[in-house]
Amino acid sequence: MAKRPVFIPIGKPGHLVEEVLVDFEWNPGFAPIQKKKNVAALHESADKEGLSPLLEVSTKSDERLGQRLSAFSLKVETDIGKISLEAAYQGSKVFEKGGPYTDIYRKDSKRAKQDPRIQESGTLTGFDYFGRTWPLAPETAFYDWLYLSALSSHQEFLKRLYSYKGFTDIEFNPQRSINCQAHTCALLVSLLKLNSLDKALGSQHDFIDMISSDSFKKDHSAELRQQELAM
(Lines give C-alpha, C1' and ligand atoms only; values in the text may rest on other atoms or scores of the structure.)
Protein backbone atom coordinates (compact mmCIF):
# COMPACT_ATOMS: atom_id res chain seq x y z
CA MET A 1 0.00 0.00 0.00
CA ALA A 2 1.01 3.61 -0.52
CA LYS A 3 -0.29 7.05 0.38
CA ARG A 4 -0.39 10.03 -1.93
CA PRO A 5 -2.05 13.44 -1.58
CA VAL A 6 -5.08 14.73 -3.42
CA PHE A 7 -5.17 18.52 -3.57
CA ILE A 8 -8.62 20.09 -3.45
CA PRO A 9 -9.29 23.75 -4.32
CA ILE A 10 -11.40 25.26 -1.54
CA GLY A 11 -11.70 28.80 -2.90
CA LYS A 12 -11.92 30.62 0.44
CA PRO A 13 -9.64 33.56 1.31
CA GLY A 14 -8.26 31.87 4.43
CA HIS A 15 -8.31 28.34 3.06
CA LEU A 16 -7.18 27.89 -0.51
CA VAL A 17 -6.15 24.24 -0.78
CA GLU A 18 -7.04 21.13 1.20
CA GLU A 19 -4.58 18.22 1.20
CA VAL A 20 -6.04 14.72 1.67
CA LEU A 21 -3.85 11.62 1.87
CA VAL A 22 -5.33 8.60 0.10
CA ASP A 23 -4.28 4.94 0.56
CA PHE A 24 -4.05 2.82 -2.58
CA GLU A 25 -2.42 -0.34 -3.89
CA TRP A 26 1.03 0.50 -5.30
CA ASN A 27 2.25 -1.07 -8.53
CA PRO A 28 6.08 -1.22 -8.37
CA GLY A 29 8.25 -0.41 -11.36
CA PHE A 30 9.43 2.60 -13.35
CA ALA A 31 7.77 1.82 -16.68
CA PRO A 32 5.16 4.37 -17.81
CA ILE A 33 2.46 1.68 -17.79
CA GLN A 34 3.14 1.04 -14.08
CA LYS A 35 2.82 4.73 -13.29
CA LYS A 36 -0.47 4.87 -15.19
CA LYS A 37 -1.69 1.90 -13.15
CA ASN A 38 -0.81 3.81 -10.00
CA VAL A 39 -2.73 6.85 -11.20
CA ALA A 40 -5.77 4.67 -11.83
CA ALA A 41 -5.43 2.96 -8.44
CA LEU A 42 -5.08 6.29 -6.62
CA HIS A 43 -8.11 7.77 -8.37
CA GLU A 44 -10.18 4.64 -7.72
CA SER A 45 -9.41 4.77 -4.00
CA ALA A 46 -10.09 8.52 -3.91
CA ASP A 47 -13.44 7.97 -5.61
CA LYS A 48 -14.48 5.68 -2.73
CA GLU A 49 -13.85 8.63 -0.41
CA GLY A 50 -15.99 10.94 -2.53
CA LEU A 51 -13.04 12.61 -4.24
CA SER A 52 -14.02 12.47 -7.89
CA PRO A 53 -13.47 13.43 -10.64
CA LEU A 54 -9.74 14.04 -10.33
CA LEU A 55 -7.20 15.27 -12.85
CA GLU A 56 -3.72 13.77 -12.88
CA VAL A 57 -1.32 16.63 -13.62
CA SER A 58 1.79 15.04 -15.08
CA THR A 59 3.17 13.55 -18.27
CA LYS A 60 1.58 10.26 -17.11
CA SER A 61 -1.94 11.67 -17.24
CA ASP A 62 -4.48 9.96 -19.51
CA GLU A 63 -5.95 13.39 -20.24
CA ARG A 64 -4.33 15.83 -22.62
CA LEU A 65 -5.14 18.70 -20.26
CA GLY A 66 -3.19 17.06 -17.44
CA GLN A 67 -0.22 16.46 -19.72
CA ARG A 68 -0.22 20.07 -20.93
CA LEU A 69 -0.24 21.35 -17.35
CA SER A 70 2.87 19.37 -16.44
CA ALA A 71 5.74 21.62 -15.38
CA PHE A 72 7.90 19.74 -17.88
CA SER A 73 5.58 20.94 -20.68
CA LEU A 74 4.99 24.56 -19.64
CA LYS A 75 6.98 27.53 -20.94
CA VAL A 76 7.46 30.93 -19.34
CA GLU A 77 8.02 34.24 -21.11
CA THR A 78 11.33 35.88 -20.17
CA ASP A 79 13.72 38.56 -21.37
CA ILE A 80 15.51 35.88 -23.41
CA GLY A 81 12.34 34.42 -24.90
CA LYS A 82 10.26 31.41 -23.91
CA ILE A 83 12.03 28.91 -21.70
CA SER A 84 11.04 25.72 -19.93
CA LEU A 85 9.40 26.32 -16.55
CA GLU A 86 11.64 23.62 -15.08
CA ALA A 87 14.71 25.35 -16.52
CA ALA A 88 13.53 28.69 -15.10
CA TYR A 89 13.15 27.13 -11.67
CA GLN A 90 16.42 25.20 -11.61
CA GLY A 91 18.46 28.00 -13.21
CA SER A 92 17.30 30.50 -10.58
CA LYS A 93 18.46 28.50 -7.57
CA VAL A 94 21.10 30.15 -5.37
CA PHE A 95 23.26 27.90 -3.21
CA GLU A 96 25.84 28.50 -0.52
CA LYS A 97 28.55 27.54 -3.04
CA GLY A 98 27.22 29.11 -6.23
CA GLY A 99 24.34 30.11 -8.45
CA PRO A 100 22.20 31.21 -10.00
CA TYR A 101 23.37 29.11 -12.96
CA THR A 102 21.52 31.08 -15.60
CA ASP A 103 22.93 29.05 -18.50
CA ILE A 104 20.45 26.38 -17.38
CA TYR A 105 17.67 28.64 -18.69
CA ARG A 106 18.50 27.53 -22.24
CA LYS A 107 18.28 23.81 -21.46
CA ASP A 108 15.25 21.58 -21.88
CA SER A 109 13.36 20.44 -18.77
CA LYS A 110 15.10 17.10 -18.35
CA ARG A 111 18.65 18.43 -18.78
CA ALA A 112 17.89 21.38 -16.49
CA LYS A 113 16.73 19.15 -13.67
CA GLN A 114 19.71 16.82 -14.09
CA ASP A 115 22.39 19.54 -14.17
CA PRO A 116 25.07 18.26 -11.73
CA ARG A 117 25.63 21.69 -10.18
CA ILE A 118 22.16 21.49 -8.61
CA GLN A 119 23.41 18.62 -6.44
CA GLU A 120 26.99 19.81 -5.93
CA SER A 121 26.60 23.41 -4.75
CA GLY A 122 25.59 22.91 -1.15
CA THR A 123 22.54 24.15 0.68
CA LEU A 124 19.84 26.07 -1.20
CA THR A 125 19.64 29.63 0.14
CA GLY A 126 17.09 31.27 -2.17
CA PHE A 127 16.28 32.16 -5.76
CA ASP A 128 17.39 34.88 -8.16
CA TYR A 129 15.17 35.15 -11.24
CA PHE A 130 16.53 37.75 -13.67
CA GLY A 131 17.68 39.89 -10.75
CA ARG A 132 14.52 39.44 -8.69
CA THR A 133 15.23 37.56 -5.47
CA TRP A 134 12.82 35.14 -3.79
CA PRO A 135 13.05 33.73 -0.25
CA LEU A 136 12.74 30.08 0.71
CA ALA A 137 9.60 30.74 2.76
CA PRO A 138 6.80 30.10 2.12
CA GLU A 139 8.31 26.84 0.88
CA THR A 140 6.71 26.72 -2.57
CA ALA A 141 6.31 30.46 -3.22
CA PHE A 142 8.74 30.86 -6.12
CA TYR A 143 7.68 27.64 -7.85
CA ASP A 144 3.98 28.55 -7.48
CA TRP A 145 4.59 32.04 -8.81
CA LEU A 146 6.45 30.74 -11.87
CA TYR A 147 3.75 28.18 -12.60
CA LEU A 148 0.86 30.59 -12.19
CA SER A 149 2.64 33.28 -14.20
CA ALA A 150 3.07 30.83 -17.07
CA LEU A 151 -0.69 30.17 -17.11
CA SER A 152 -2.12 33.57 -16.19
CA SER A 153 -2.87 34.60 -19.78
CA HIS A 154 -5.09 31.53 -20.32
CA GLN A 155 -7.67 32.11 -17.59
CA GLU A 156 -10.75 31.34 -19.73
CA PHE A 157 -9.19 28.08 -20.89
CA LEU A 158 -8.23 27.18 -17.34
CA LYS A 159 -11.82 27.41 -16.13
CA ARG A 160 -12.11 23.89 -17.54
CA LEU A 161 -10.40 22.87 -14.31
CA TYR A 162 -13.54 23.84 -12.36
CA SER A 163 -15.10 20.51 -13.31
CA TYR A 164 -12.56 18.57 -11.24
CA LYS A 165 -12.90 17.87 -7.53
CA GLY A 166 -9.14 17.80 -7.09
CA PHE A 167 -5.71 17.18 -8.58
CA THR A 168 -2.99 14.55 -8.26
CA ASP A 169 0.60 14.05 -9.40
CA ILE A 170 1.76 10.44 -9.23
CA GLU A 171 5.37 11.59 -9.64
CA PHE A 172 5.21 13.68 -6.45
CA ASN A 173 6.85 11.97 -3.49
CA PRO A 174 6.45 13.92 -0.22
CA GLN A 175 9.58 12.21 1.09
CA ARG A 176 11.78 13.78 -1.58
CA SER A 177 10.27 17.09 -2.63
CA ILE A 178 8.06 20.00 -1.63
CA ASN A 179 6.89 21.50 -4.94
CA CYS A 180 3.94 19.78 -6.57
CA GLN A 181 2.26 20.81 -9.80
CA ALA A 182 -1.05 19.24 -8.68
CA HIS A 183 -1.01 21.43 -5.57
CA THR A 184 -0.32 24.49 -7.71
CA CYS A 185 -3.24 23.62 -10.00
CA ALA A 186 -5.53 23.47 -6.97
CA LEU A 187 -4.13 26.83 -5.86
CA LEU A 188 -4.77 28.20 -9.35
CA VAL A 189 -8.42 27.12 -9.31
CA SER A 190 -8.95 28.65 -5.86
CA LEU A 191 -7.49 31.97 -6.98
CA LEU A 192 -9.59 31.94 -10.17
CA LYS A 193 -12.76 31.24 -8.18
CA LEU A 194 -11.91 34.19 -5.93
CA ASN A 195 -11.09 36.39 -8.96
CA SER A 196 -7.76 36.97 -7.22
CA LEU A 197 -5.19 35.55 -9.64
CA ASP A 198 -4.27 38.92 -11.17
CA LYS A 199 -4.01 40.52 -7.73
CA ALA A 200 -1.85 37.67 -6.45
CA LEU A 201 0.53 38.06 -9.37
CA GLY A 202 0.59 41.84 -9.10
CA SER A 203 3.50 41.97 -6.68
CA GLN A 204 5.75 39.59 -4.79
CA HIS A 205 4.45 40.92 -1.48
CA ASP A 206 0.80 40.35 -2.46
CA PHE A 207 1.59 36.89 -3.75
CA ILE A 208 3.42 35.73 -0.65
CA ASP A 209 0.80 37.28 1.61
CA MET A 210 -2.02 35.52 -0.23
CA ILE A 211 -0.53 32.05 -0.49
CA SER A 212 0.64 32.09 3.12
CA SER A 213 -2.98 31.22 3.98
CA ASP A 214 -2.71 28.07 1.88
CA SER A 215 -3.34 24.93 3.95
CA PHE A 216 -0.35 23.23 2.29
CA LYS A 217 1.87 25.45 4.44
CA LYS A 218 0.01 24.81 7.68
CA ASP A 219 0.81 22.45 10.53
CA HIS A 220 -1.55 19.66 9.52
CA SER A 221 0.27 19.21 6.22
CA ALA A 222 3.59 18.95 8.05
CA GLU A 223 2.01 16.23 10.15
CA LEU A 224 0.88 14.42 7.01
CA ARG A 225 4.41 14.50 5.64
CA GLN A 226 5.68 13.07 8.93
CA GLN A 227 3.14 10.24 8.60
CA GLU A 228 4.43 9.55 5.10
CA LEU A 229 8.04 9.47 6.32
CA ALA A 230 7.10 7.00 9.05
CA MET A 231 5.69 4.48 6.58
# chains A, B, ... in the order shown; residues from 1 in each chain; ligands from 1
$ closest_atom_pairs --of "stretch 105-135 of chain A" --to "stretch 189-210 of chain A" --cutoff "10 Å" --atoms "only C-alpha atoms" --output "CSV"
residue,atom,partner,partner_atom,distance
A:Arg132,CA,A:Gln204,CA,9.6
A:Thr133,CA,A:Gln204,CA,9.7
A:Trp134,CA,A:Gln204,CA,8.4
A:Pro135,CA,A:Ile208,CA,9.8
$ select_by_dssp --residues "stretch 104-202 of chain A" --states "alpha helix (DSSP H)" --output "number ranges by chain"
A: 109-113, 117-120, 141-151, 155-158, 181-193, 197-200
$ residues_around --residues "A:Leu51" --least-positions-apart "4" --cutoff "12 Å" --atoms "only C-alpha atoms" --output "PyMOL selection string"
chain A and resi 5-9+18-22+42-47+55+164-168
$ write_last_selection --atoms "N, CA, C and O atoms" --output "short mmCIF file (atom, residue, chain, number, x, y, z; two decimals), in the first residue's frame"
data_model
loop_
_atom_site.label_atom_id
_atom_site.label_comp_id
_atom_site.auth_asym_id
_atom_site.auth_seq_id
_atom_site.Cartn_x
_atom_site.Cartn_y
_atom_site.Cartn_z
N PRO A 5 -1.08 12.37 -1.83
CA PRO A 5 -2.05 13.44 -1.58
C PRO A 5 -2.94 13.75 -2.78
O PRO A 5 -2.53 13.64 -3.93
N VAL A 6 -4.16 14.12 -2.46
CA VAL A 6 -5.08 14.73 -3.42
C VAL A 6 -5.24 16.17 -2.97
O VAL A 6 -5.48 16.43 -1.78
N PHE A 7 -5.08 17.11 -3.89
CA PHE A 7 -5.17 18.52 -3.57
C PHE A 7 -6.50 19.07 -4.07
O PHE A 7 -6.81 18.99 -5.26
N ILE A 8 -7.26 19.64 -3.15
CA ILE A 8 -8.62 20.09 -3.45
C ILE A 8 -8.70 21.61 -3.34
O ILE A 8 -8.36 22.18 -2.29
N PRO A 9 -9.14 22.30 -4.40
CA PRO A 9 -9.29 23.75 -4.32
C PRO A 9 -10.52 24.12 -3.49
O PRO A 9 -11.63 23.70 -3.79
N GLU A 18 -6.99 22.21 0.23
CA GLU A 18 -7.04 21.13 1.20
C GLU A 18 -6.20 19.96 0.68
O GLU A 18 -6.25 19.63 -0.51
N GLU A 19 -5.43 19.36 1.55
CA GLU A 19 -4.58 18.22 1.20
C GLU A 19 -5.12 16.97 1.89
O GLU A 19 -5.22 16.94 3.12
N VAL A 20 -5.49 15.96 1.11
CA VAL A 20 -6.04 14.72 1.67
C VAL A 20 -5.17 13.55 1.23
O VAL A 20 -4.97 13.33 0.03
N LEU A 21 -4.65 12.80 2.19
CA LEU A 21 -3.85 11.62 1.87
C LEU A 21 -4.77 10.44 1.61
O LEU A 21 -5.70 10.18 2.38
N VAL A 22 -4.50 9.73 0.51
CA VAL A 22 -5.33 8.60 0.10
C VAL A 22 -4.47 7.34 0.02
O VAL A 22 -3.39 7.36 -0.57
N LEU A 42 -4.89 5.14 -7.51
CA LEU A 42 -5.08 6.29 -6.62
C LEU A 42 -6.44 6.92 -6.83
O LEU A 42 -7.17 7.20 -5.87
N HIS A 43 -6.83 7.13 -8.07
CA HIS A 43 -8.11 7.77 -8.37
C HIS A 43 -9.28 6.87 -7.96
O HIS A 43 -10.32 7.37 -7.50
N GLU A 44 -9.12 5.56 -8.13
CA GLU A 44 -10.18 4.64 -7.72
C GLU A 44 -10.39 4.68 -6.21
O GLU A 44 -11.53 4.71 -5.72
N SER A 45 -9.30 4.69 -5.46
CA SER A 45 -9.41 4.77 -4.00
C SER A 45 -9.99 6.11 -3.57
O SER A 45 -10.81 6.18 -2.64
N ALA A 46 -9.57 7.19 -4.24
CA ALA A 46 -10.09 8.52 -3.91
C ALA A 46 -11.59 8.61 -4.19
O ALA A 46 -12.34 9.24 -3.43
N ASP A 47 -12.03 7.96 -5.25
CA ASP A 47 -13.44 7.97 -5.61
C ASP A 47 -14.29 7.36 -4.49
O ASP A 47 -15.39 7.83 -4.21
N LEU A 55 -8.07 15.12 -11.69
CA LEU A 55 -7.20 15.27 -12.85
C LEU A 55 -5.77 14.99 -12.43
O LEU A 55 -5.24 15.64 -11.52
N TYR A 164 -13.25 19.61 -12.00
CA TYR A 164 -12.56 18.57 -11.24
C TYR A 164 -12.65 18.85 -9.74
O TYR A 164 -12.53 19.98 -9.30
N LYS A 165 -12.85 17.76 -8.99
CA LYS A 165 -12.90 17.87 -7.53
C LYS A 165 -11.53 18.16 -6.95
O LYS A 165 -11.39 18.86 -5.94
N GLY A 166 -10.50 17.60 -7.59
CA GLY A 166 -9.14 17.80 -7.09
C GLY A 166 -8.11 17.35 -8.10
O GLY A 166 -8.44 16.94 -9.22
N PHE A 167 -6.83 17.40 -7.68
CA PHE A 167 -5.71 17.18 -8.58
C PHE A 167 -4.67 16.29 -7.93
O PHE A 167 -4.43 16.36 -6.72
N THR A 168 -4.04 15.45 -8.74
CA THR A 168 -2.99 14.55 -8.26
C THR A 168 -1.77 14.64 -9.16
O THR A 168 -1.85 15.12 -10.29
#
$ atom_distance --atom1 "atom CA of A:Gly122" --atom2 "atom CA of A:Ala141"
20.8 Å
$ atom_distance --atom1 "atom CA of A:Arg106" --atom2 "atom CA of A:Asp144"
20.7 Å
$ residues_around --residues "A:Leu151" --least-positions-apart "3" --cutoff "12 Å" --atoms "only C-alpha atoms" --output "list of chain:residue names"
A:Arg68, A:Leu69, A:Ser70, A:Ala71, A:Ser73, A:Leu74, A:Lys75, A:Val76, A:Glu77, A:Leu85, A:Asp144, A:Trp145, A:Leu146, A:Tyr147, A:Leu148, A:His154, A:Gln155, A:Glu156, A:Phe157, A:Leu158, A:Lys159, A:Thr184, A:Cys185, A:Leu188, A:Val189, A:Leu192, A:Leu197, A:Asp198, A:Leu201
$ write_last_selection --atoms "N, CA and C atoms" --output "tab-separated table (two decimals), in the first residue's frame"
chain	number	residue	atom	x	y	z
A	68	ARG	N	-0.60	18.70	-20.56
A	68	ARG	CA	-0.22	20.07	-20.93
A	68	ARG	C	0.12	20.91	-19.71
A	69	LEU	N	-0.48	20.58	-18.57
A	69	LEU	CA	-0.24	21.35	-17.35
A	69	LEU	C	0.98	20.87	-16.58
A	70	SER	N	1.64	19.84	-17.07
A	70	SER	CA	2.87	19.37	-16.44
A	70	SER	C	3.93	20.46	-16.51
A	71	ALA	N	4.68	20.61	-15.41
A	71	ALA	CA	5.74	21.62	-15.38
A	71	ALA	C	6.80	21.34	-16.43
A	73	SER	N	6.13	20.51	-19.39
A	73	SER	CA	5.58	20.94	-20.68
A	73	SER	C	5.43	22.45	-20.78
A	74	LEU	N	5.28	23.12	-19.63
A	74	LEU	CA	4.99	24.56	-19.64
A	74	LEU	C	6.22	25.41	-19.99
A	75	LYS	N	5.94	26.55	-20.62
A	75	LYS	CA	6.98	27.53	-20.94
A	75	LYS	C	6.64	28.84	-20.25
A	76	VAL	N	7.67	29.61	-19.92
A	76	VAL	CA	7.46	30.93	-19.34
A	76	VAL	C	8.13	31.97	-20.23
A	77	GLU	N	7.47	33.14	-20.34
A	77	GLU	CA	8.02	34.24	-21.11
A	77	GLU	C	9.07	34.97	-20.28
A	85	LEU	N	9.66	25.94	-17.94
A	85	LEU	CA	9.40	26.32	-16.55
A	85	LEU	C	10.39	25.62	-15.62
A	144	ASP	N	5.39	28.22	-7.21
A	144	ASP	CA	3.98	28.55	-7.48
A	144	ASP	C	3.86	29.78	-8.35
A	145	TRP	N	4.66	30.80	-8.04
A	145	TRP	CA	4.59	32.04	-8.81
A	145	TRP	C	4.97	31.81	-10.27
A	146	LEU	N	6.05	31.05	-10.50
A	146	LEU	CA	6.45	30.74	-11.87
A	146	LEU	C	5.34	30.02	-12.62
A	147	TYR	N	4.79	29.01	-11.97
A	147	TYR	CA	3.75	28.18	-12.60
A	147	TYR	C	2.51	29.02	-12.94
A	148	LEU	N	2.05	29.78	-11.97
A	148	LEU	CA	0.86	30.59	-12.19
A	148	LEU	C	1.10	31.69	-13.21
A	154	HIS	N	-4.14	32.51	-19.77
A	154	HIS	CA	-5.09	31.53	-20.32
A	154	HIS	C	-6.23	31.27	-19.34
A	155	GLN	N	-6.71	32.30	-18.66
A	155	GLN	CA	-7.67	32.11	-17.59
A	155	GLN	C	-9.00	31.51	-18.06
A	156	GLU	N	-9.49	31.90	-19.23
A	156	GLU	CA	-10.75	31.34	-19.73
A	156	GLU	C	-10.59	29.85	-20.01
A	157	PHE	N	-9.49	29.49	-20.62
A	157	PHE	CA	-9.19	28.08	-20.89
A	157	PHE	C	-9.10	27.29	-19.59
A	158	LEU	N	-8.49	27.88	-18.59
A	158	LEU	CA	-8.23	27.18	-17.34
A	158	LEU	C	-9.49	26.96	-16.51
A	159	LYS	N	-10.58	27.64	-16.85
A	159	LYS	CA	-11.82	27.41	-16.13
A	159	LYS	C	-12.37	26.00	-16.38
A	184	THR	N	-0.26	23.17	-7.11
A	184	THR	CA	-0.32	24.49	-7.71
A	184	THR	C	-1.55	24.64	-8.58
A	185	CYS	N	-2.00	23.56	-9.23
A	185	CYS	CA	-3.24	23.62	-10.00
A	185	CYS	C	-4.44	23.88	-9.09
A	188	LEU	N	-4.32	27.42	-8.19
A	188	LEU	CA	-4.77	28.20	-9.35
A	188	LEU	C	-6.29	28.28	-9.40
A	189	VAL	N	-6.96	27.14	-9.24
A	189	VAL	CA	-8.42	27.12	-9.31
A	189	VAL	C	-9.02	27.95	-8.18
A	192	LEU	N	-8.66	31.58	-9.09
A	192	LEU	CA	-9.59	31.94	-10.17
A	192	LEU	C	-11.01	32.08	-9.63
A	197	LEU	N	-6.45	35.94	-9.03
A	197	LEU	CA	-5.19	35.55	-9.64
A	197	LEU	C	-4.37	36.76	-10.06
A	198	ASP	N	-5.00	37.73	-10.72
A	198	ASP	CA	-4.27	38.92	-11.17
A	198	ASP	C	-3.70	39.70	-9.99
A	201	LEU	N	-0.65	37.94	-8.54
A	201	LEU	CA	0.53	38.06	-9.37
A	201	LEU	C	0.99	39.50	-9.54
$ atom_distance --atom1 "atom CA of A:Asp128" --atom2 "atom CA of A:Val94"
6.6 Å
$ closest_residue --among "A:Tyr129, A:Tyr105, A:Asp115, A:Gly14" --to "A:Ile80" --atoms "only C-alpha atoms"
A:Tyr105
$ residues_around --residues "stretch 62-64 of chain A" --least-positions-apart "5" --cutoff "10 Å" --atoms "only C-alpha atoms" --output "short mmCIF file (atom, residue, chain, number, x, y, z; two decimals) with N, CA, C and O atoms, in the first residue's frame"
data_model
loop_
_atom_site.label_atom_id
_atom_site.label_comp_id
_atom_site.auth_asym_id
_atom_site.auth_seq_id
_atom_site.Cartn_x
_atom_site.Cartn_y
_atom_site.Cartn_z
N LYS A 36 0.94 4.67 -14.82
CA LYS A 36 -0.47 4.87 -15.19
C LYS A 36 -1.38 4.00 -14.34
O LYS A 36 -2.49 4.39 -13.95
N VAL A 39 -1.78 5.74 -11.08
CA VAL A 39 -2.73 6.85 -11.20
C VAL A 39 -4.16 6.32 -11.09
O VAL A 39 -4.99 6.84 -10.33
N ALA A 40 -4.42 5.25 -11.84
CA ALA A 40 -5.77 4.67 -11.83
C ALA A 40 -6.13 4.15 -10.44
O ALA A 40 -7.26 4.34 -9.96
N LEU A 55 -8.07 15.12 -11.69
CA LEU A 55 -7.20 15.27 -12.85
C LEU A 55 -5.77 14.99 -12.43
O LEU A 55 -5.24 15.64 -11.52
N GLU A 56 -5.14 14.01 -13.07
CA GLU A 56 -3.72 13.77 -12.88
C GLU A 56 -2.95 14.83 -13.67
O GLU A 56 -3.15 15.00 -14.88
N VAL A 57 -2.09 15.56 -12.98
CA VAL A 57 -1.32 16.63 -13.62
C VAL A 57 0.13 16.15 -13.73
O VAL A 57 0.93 16.31 -12.81
N LEU A 69 -0.48 20.58 -18.57
CA LEU A 69 -0.24 21.35 -17.35
C LEU A 69 0.98 20.87 -16.58
O LEU A 69 1.33 21.44 -15.55
#
$ closest_residue --among "A:Ser92, A:Leu16, A:Ser121, A:Ser58" --to "A:Lys35" --atoms "only C-alpha atoms"
A:Ser58
$ select_by_dssp --residues "stretch 1-107 of chain A" --states "strand (DSSP E or B)" --output "NGL selection string"
:A and (2-12 or 15-24 or 54-56 or 75-78 or 81-84 or 93-95 or 98)
